[in-house]
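Chemist: query-v1.cif is the file, holding mmCIF, C-alpha atoms and all ligand atoms:
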```
data_run
#
loop_
_atom_site.group_PDB
_atom_site.id
_atom_site.type_symbol
_atom_site.label_atom_id
_atom_site.label_comp_id
_atom_site.auth_asym_id
_atom_site.auth_seq_id
_atom_site.Cartn_x
_atom_site.Cartn_y
_atom_site.Cartn_z
ATOM 1 C CA MET A 219 10.399 -37.329 -22.619
ATOM 2 C CA GLU A 220 13.817 -38.738 -23.516
ATOM 3 C CA ILE A 221 16.881 -36.940 -22.244
ATOM 4 C CA HIS A 222 19.822 -36.469 -24.617
ATOM 5 C CA GLY A 223 22.371 -34.460 -22.687
ATOM 6 C CA ASP A 224 22.186 -30.723 -23.031
ATOM 7 C CA GLN A 225 20.173 -30.917 -26.267
ATOM 8 C CA SER A 226 17.006 -31.541 -24.298
ATOM 9 C CA ALA A 227 17.657 -28.794 -21.763
ATOM 10 C CA LEU A 228 14.936 -26.238 -21.721
ATOM 11 C CA TYR A 229 14.012 -22.910 -20.262
ATOM 12 C CA ARG A 230 10.954 -22.633 -18.065
ATOM 13 C CA CYS A 231 8.888 -19.790 -16.719
ATOM 14 C CA ARG A 232 10.592 -19.010 -13.398
ATOM 15 C CA ASN A 233 7.260 -18.283 -11.793
ATOM 16 C CA CYS A 234 5.309 -21.459 -12.677
ATOM 17 C CA GLN A 235 7.856 -23.814 -14.332
ATOM 18 C CA VAL A 236 5.923 -24.242 -17.585
ATOM 19 C CA PRO A 237 8.338 -25.043 -20.494
ATOM 20 C CA ILE A 238 8.931 -22.016 -22.718
ATOM 21 C CA ALA A 239 11.893 -22.773 -25.023
ATOM 22 C CA PHE A 240 14.413 -25.506 -25.773
ATOM 23 C CA ARG A 241 18.170 -24.980 -25.537
ATOM 24 C CA ASP A 242 18.332 -25.613 -29.329
ATOM 25 C CA GLU A 243 16.178 -22.547 -29.896
ATOM 26 C CA LEU A 244 18.560 -20.186 -28.078
ATOM 27 C CA LEU A 245 20.246 -17.911 -30.632
ATOM 28 C CA SER A 246 22.134 -15.417 -28.472
ATOM 29 C CA LYS A 247 22.721 -14.404 -24.856
ATOM 30 C CA ASN A 248 23.959 -10.932 -25.798
ATOM 31 C CA TYR A 249 20.785 -8.943 -25.244
ATOM 32 C CA MET A 250 19.720 -6.516 -22.585
ATOM 33 C CA ALA A 251 16.330 -5.841 -21.050
ATOM 34 C CA LYS A 252 15.315 -3.428 -18.316
ATOM 35 C CA THR A 253 15.871 -6.172 -15.757
ATOM 36 C CA GLY A 254 19.336 -7.076 -17.101
ATOM 37 C CA GLN A 255 20.540 -9.827 -19.409
ATOM 38 C CA ALA A 256 18.116 -11.231 -21.976
ATOM 39 C CA PHE A 257 18.273 -14.126 -24.446
ATOM 40 C CA LEU A 258 17.188 -14.240 -28.102
ATOM 41 C CA PHE A 259 15.212 -17.347 -29.144
ATOM 42 C CA SER A 260 14.016 -18.620 -32.524
ATOM 43 C CA ASN A 261 10.863 -20.124 -31.070
ATOM 44 C CA VAL A 262 8.822 -20.211 -27.864
ATOM 45 C CA ARG A 263 5.722 -22.074 -26.652
ATOM 46 C CA ASN A 264 3.111 -21.692 -23.894
ATOM 47 C CA ILE A 265 3.139 -17.979 -24.601
ATOM 48 C CA VAL A 266 0.440 -15.376 -25.120
ATOM 49 C CA ILE A 267 1.469 -12.471 -27.343
ATOM 50 C CA GLY A 268 0.339 -9.046 -26.171
ATOM 51 C CA GLN A 269 -0.480 -5.832 -28.010
ATOM 52 C CA LYS A 270 1.782 -4.332 -30.634
ATOM 53 C CA GLU A 271 3.770 -1.296 -29.559
ATOM 54 C CA GLU A 272 6.633 0.806 -30.820
ATOM 55 C CA ARG A 273 9.721 0.817 -28.655
ATOM 56 C CA THR A 274 12.998 2.678 -29.017
ATOM 57 C CA LEU A 275 15.876 0.427 -27.989
ATOM 58 C CA ILE A 276 19.627 1.039 -28.068
ATOM 59 C CA THR A 277 19.902 -0.346 -31.617
ATOM 60 C CA GLY A 278 16.913 1.457 -33.142
ATOM 61 C CA VAL A 279 13.131 1.661 -33.279
ATOM 62 C CA TYR A 280 11.180 -1.594 -33.254
ATOM 63 C CA THR A 281 7.610 -2.747 -33.373
ATOM 64 C CA ILE A 282 7.364 -5.329 -30.634
ATOM 65 C CA ALA A 283 4.717 -7.231 -28.687
ATOM 66 C CA GLY A 284 4.990 -8.393 -25.088
ATOM 67 C CA LEU A 285 5.275 -12.123 -24.315
ATOM 68 C CA PHE A 286 3.270 -13.473 -21.407
ATOM 69 C CA CYS A 287 3.326 -16.955 -19.889
ATOM 70 C CA SER A 288 0.087 -18.681 -20.955
ATOM 71 C CA ASN A 289 -0.068 -20.478 -17.611
ATOM 72 C CA CYS A 290 0.571 -17.771 -14.998
ATOM 73 C CA GLY A 291 0.400 -14.531 -17.010
ATOM 74 C CA GLU A 292 3.885 -13.331 -16.035
ATOM 75 C CA GLU A 293 5.506 -11.017 -18.613
ATOM 76 C CA LEU A 294 8.630 -12.814 -19.849
ATOM 77 C CA GLY A 295 9.968 -10.626 -22.651
ATOM 78 C CA TRP A 296 8.932 -9.520 -26.119
ATOM 79 C CA LYS A 297 8.685 -10.524 -29.775
ATOM 80 C CA TYR A 298 10.302 -8.427 -32.496
ATOM 81 C CA LEU A 299 7.661 -7.819 -35.152
ATOM 82 C CA GLN A 300 9.413 -5.175 -37.227
ATOM 83 C CA ALA A 301 12.792 -3.434 -37.168
ATOM 84 C CA SER A 302 13.361 0.000 -38.696
ATOM 85 C CA GLU A 303 17.081 -0.552 -39.367
ATOM 86 C CA ALA A 304 18.000 -2.854 -42.270
ATOM 87 C CA ARG A 305 20.785 -4.514 -40.290
ATOM 88 C CA GLN A 306 18.386 -5.346 -37.449
ATOM 89 C CA LYS A 307 15.854 -7.100 -39.717
ATOM 90 C CA PHE A 308 17.190 -10.529 -38.718
ATOM 91 C CA LYS A 309 15.481 -10.033 -35.342
ATOM 92 C CA GLU A 310 12.008 -9.885 -36.902
ATOM 93 C CA GLY A 311 9.853 -12.825 -35.824
ATOM 94 C CA LYS A 312 12.258 -13.729 -33.016
ATOM 95 C CA PHE A 313 11.717 -13.706 -29.275
ATOM 96 C CA ILE A 314 13.451 -12.106 -26.311
ATOM 97 C CA LEU A 315 13.147 -13.751 -22.903
ATOM 98 C CA GLU A 316 14.486 -11.892 -19.885
ATOM 99 C CA ARG A 317 16.981 -13.979 -17.965
ATOM 100 C CA SER A 318 15.473 -12.973 -14.633
ATOM 101 C CA LYS A 319 12.085 -14.366 -15.744
ATOM 102 C CA ILE A 320 13.196 -17.820 -16.900
ATOM 103 C CA ALA A 321 14.975 -20.785 -15.316
ATOM 104 C CA LYS A 322 16.999 -23.470 -17.056
ATOM 105 C CA GLY A 323 15.900 -27.011 -16.368
ATOM 106 C CA TYR A 324 15.077 -30.396 -17.904
HETATM 107 ZN ZN ZN B 401 4.416 -18.987 -15.886
#
```
Represent the supplied structure as structure tokens.
Ligand SMILES: [Zn+2]
Modeler:
Amino acid sequence: MEIHGDQSALYRCRNCQVPIAFRDELLSKNYMAKTGQAFLFSNVRNIVIGQKEERTLITGVYTIAGLFCSNCGEELGWKYLQASEARQKFKEGKFILERSKIAKGY
């Protein structure tokens, strides 16, 4: 893999180091999860998507599904499937990774 500065930086599962998302796919760091800060990503890989569930978050009711590392099974965050609030619709199809569950690397 070629290295081009920070563009090739990626986030790995903290537990097993498998690559999960590229720096380019990071949309926002302004999210919160139970464990603290969480990041919003446009795309992830090496992930297994869990069962759909409804969850009430600070900004409204969402249909989400848990994200699990495909290598070690650790729960890393969730995917927004559906948002009830019109102004939250931009989150649909995007991915939350909890900061405490991922590590930045190359
Ligand atoms: Zn893992």
Chemist: For ligand ZN 401 (chain B), collect every residue having any atom at a distance of at most 10 Å from a ligand atom (counting only C-alpha atoms and all ligand atoms); output as a PyMOL selection string.
Modeler: chain A and resi 230-238+264-265+286-294+319-320
Chemist: When you look at A:Val279 with a cut-off of 10 Å (counting only C-alpha atoms), what residues show up, excluding the ones that are within fewer than 6 positions of it in the same chain? I need them as a PyMOL selection string.
Modeler: chain A and resi 272-273+300-303+306
Chemist: Which is closer to A:Thr253 than all the others in A:Gly295, A:Gly268, A:Gly323, A:Gly278, using all atoms listed in the file?
Modeler: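 Checking each of A:Gly295, A:Gly268, A:Gly323, A:Gly278 against A:Thr253, counting all atoms listed in the file, the winner is A:Gly295.
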Chemist: For A:Ser260, which of A:Lys247, A:Lys322, A:Lys307, A:Lys312 is the closest residue, counting only C-alpha atoms?
Modeler: A:Lys312
Chemist: Looking at only C-alpha atoms, which of A:Ala304, A:Ala251, A:Leu258, A:Leu228 is the one that sits closest to A:Ile276?
Modeler: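 Comparing A:Ala304, A:Ala251, A:Leu258, A:Leu228 against A:Ile276, the winner is A:Ala251.
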Chemist: Can you tell me, as a ChimeraX atom specification, what residues are no more than 10 Å from A:Tyr249 when counting all atoms listed in the file, ignoring any on the same chain fewer than 2 positions away?
Modeler: /A:246-247,251,254-258,314-317
Chemist: Go ahead and compute the interatomic distance for atom CA of A:Ala239 and atom CA of A:Lys252, in Å to one decimal.
Modeler: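 Going from atom CA of A:Ala239 over to atom CA of A:Lys252 covers 20.8 Å.
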Chemist: Between atom CA of A:Glu310 and atom CA of A:Ala227, what is the distance, to one decimal in Å?
Modeler: 24.9 Å
Chemist: Just the number, please: distance in Å from atom CA of A:Ile282 to atom CA of A:Leu244, one decimal.
Modeler: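 These two atoms are separated by 18.8 Å.
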Chemist: Which residues would end up in the selection if the PyMOL selection byres (((chain A and resi 296) around 6) and not hetatm) were applied here, given that I need the answer as a list in words?
Modeler: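 Applying the expression gives Ala283, Gly284, Leu285, Gly295, Lys297, Phe313 and Ile314 of chain A.
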Chemist: For A:Lys270, which of A:Gly311, A:Tyr324, A:Glu243, A:Leu299 is the closest residue, counting only C-alpha atoms?
Modeler: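 Answer, going by the shortest atom-to-atom distance: A:Leu299.
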Chemist: Would you mind telling me which residue in A:Thr274, A:Asn248, A:Ile267, A:Arg241 lies nearest to A:Ser226 when using all atoms listed in the file?
Modeler: A:Arg241
Chemist: Can you rebuild stretch 277-291 of chain A with N, CA and C atoms and give it as a PDB file, keeping the file's coordinate frame?
Modeler:
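Result file selection32.pdb:
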```
ATOM      1  N   THR A 277      19.523  -0.110 -30.222  1.00  0.00           N
ATOM      2  CA  THR A 277      19.902  -0.346 -31.617  1.00  0.00           C
ATOM      3  C   THR A 277      18.897   0.193 -32.628  1.00  0.00           C
ATOM      4  N   GLY A 278      17.854   0.881 -32.192  1.00  0.00           N
ATOM      5  CA  GLY A 278      16.913   1.457 -33.142  1.00  0.00           C
ATOM      6  C   GLY A 278      15.476   1.358 -32.677  1.00  0.00           C
ATOM      7  N   VAL A 279      14.561   1.693 -33.594  1.00  0.00           N
ATOM      8  CA  VAL A 279      13.131   1.661 -33.279  1.00  0.00           C
ATOM      9  C   VAL A 279      12.556   0.335 -33.764  1.00  0.00           C
ATOM     10  N   TYR A 280      11.769  -0.300 -32.932  1.00  0.00           N
ATOM     11  CA  TYR A 280      11.180  -1.594 -33.254  1.00  0.00           C
ATOM     12  C   TYR A 280       9.691  -1.583 -32.983  1.00  0.00           C
ATOM     13  N   THR A 281       8.974  -2.401 -33.759  1.00  0.00           N
ATOM     14  CA  THR A 281       7.610  -2.747 -33.373  1.00  0.00           C
ATOM     15  C   THR A 281       7.718  -4.082 -32.664  1.00  0.00           C
ATOM     16  N   ILE A 282       7.254  -4.114 -31.440  1.00  0.00           N
ATOM     17  CA  ILE A 282       7.364  -5.329 -30.634  1.00  0.00           C
ATOM     18  C   ILE A 282       6.008  -5.654 -30.023  1.00  0.00           C
ATOM     19  N   ALA A 283       5.903  -6.852 -29.454  1.00  0.00           N
ATOM     20  CA  ALA A 283       4.717  -7.231 -28.687  1.00  0.00           C
ATOM     21  C   ALA A 283       5.199  -7.986 -27.457  1.00  0.00           C
ATOM     22  N   GLY A 284       4.604  -7.722 -26.331  1.00  0.00           N
ATOM     23  CA  GLY A 284       4.990  -8.393 -25.088  1.00  0.00           C
ATOM     24  C   GLY A 284       4.682  -9.881 -25.139  1.00  0.00           C
ATOM     25  N   LEU A 285       5.487 -10.673 -24.436  1.00  0.00           N
ATOM     26  CA  LEU A 285       5.275 -12.123 -24.315  1.00  0.00           C
ATOM     27  C   LEU A 285       4.887 -12.430 -22.872  1.00  0.00           C
ATOM     28  N   PHE A 286       3.773 -13.138 -22.734  1.00  0.00           N
ATOM     29  CA  PHE A 286       3.270 -13.473 -21.407  1.00  0.00           C
ATOM     30  C   PHE A 286       3.131 -14.985 -21.288  1.00  0.00           C
ATOM     31  N   CYS A 287       3.502 -15.530 -20.153  1.00  0.00           N
ATOM     32  CA  CYS A 287       3.326 -16.955 -19.889  1.00  0.00           C
ATOM     33  C   CYS A 287       1.829 -17.287 -19.990  1.00  0.00           C
ATOM     34  N   SER A 288       1.500 -18.335 -20.771  1.00  0.00           N
ATOM     35  CA  SER A 288       0.087 -18.681 -20.955  1.00  0.00           C
ATOM     36  C   SER A 288      -0.489 -19.354 -19.708  1.00  0.00           C
ATOM     37  N   ASN A 289       0.386 -19.787 -18.816  1.00  0.00           N
ATOM     38  CA  ASN A 289      -0.068 -20.478 -17.611  1.00  0.00           C
ATOM     39  C   ASN A 289      -0.296 -19.522 -16.439  1.00  0.00           C
ATOM     40  N   CYS A 290       0.676 -18.635 -16.188  1.00  0.00           N
ATOM     41  CA  CYS A 290       0.571 -17.771 -14.998  1.00  0.00           C
ATOM     42  C   CYS A 290       0.422 -16.288 -15.339  1.00  0.00           C
ATOM     43  N   GLY A 291       0.606 -15.916 -16.615  1.00  0.00           N
ATOM     44  CA  GLY A 291       0.400 -14.531 -17.010  1.00  0.00           C
ATOM     45  C   GLY A 291       1.587 -13.611 -16.793  1.00  0.00           C
TER      46      GLY A 291
END
```
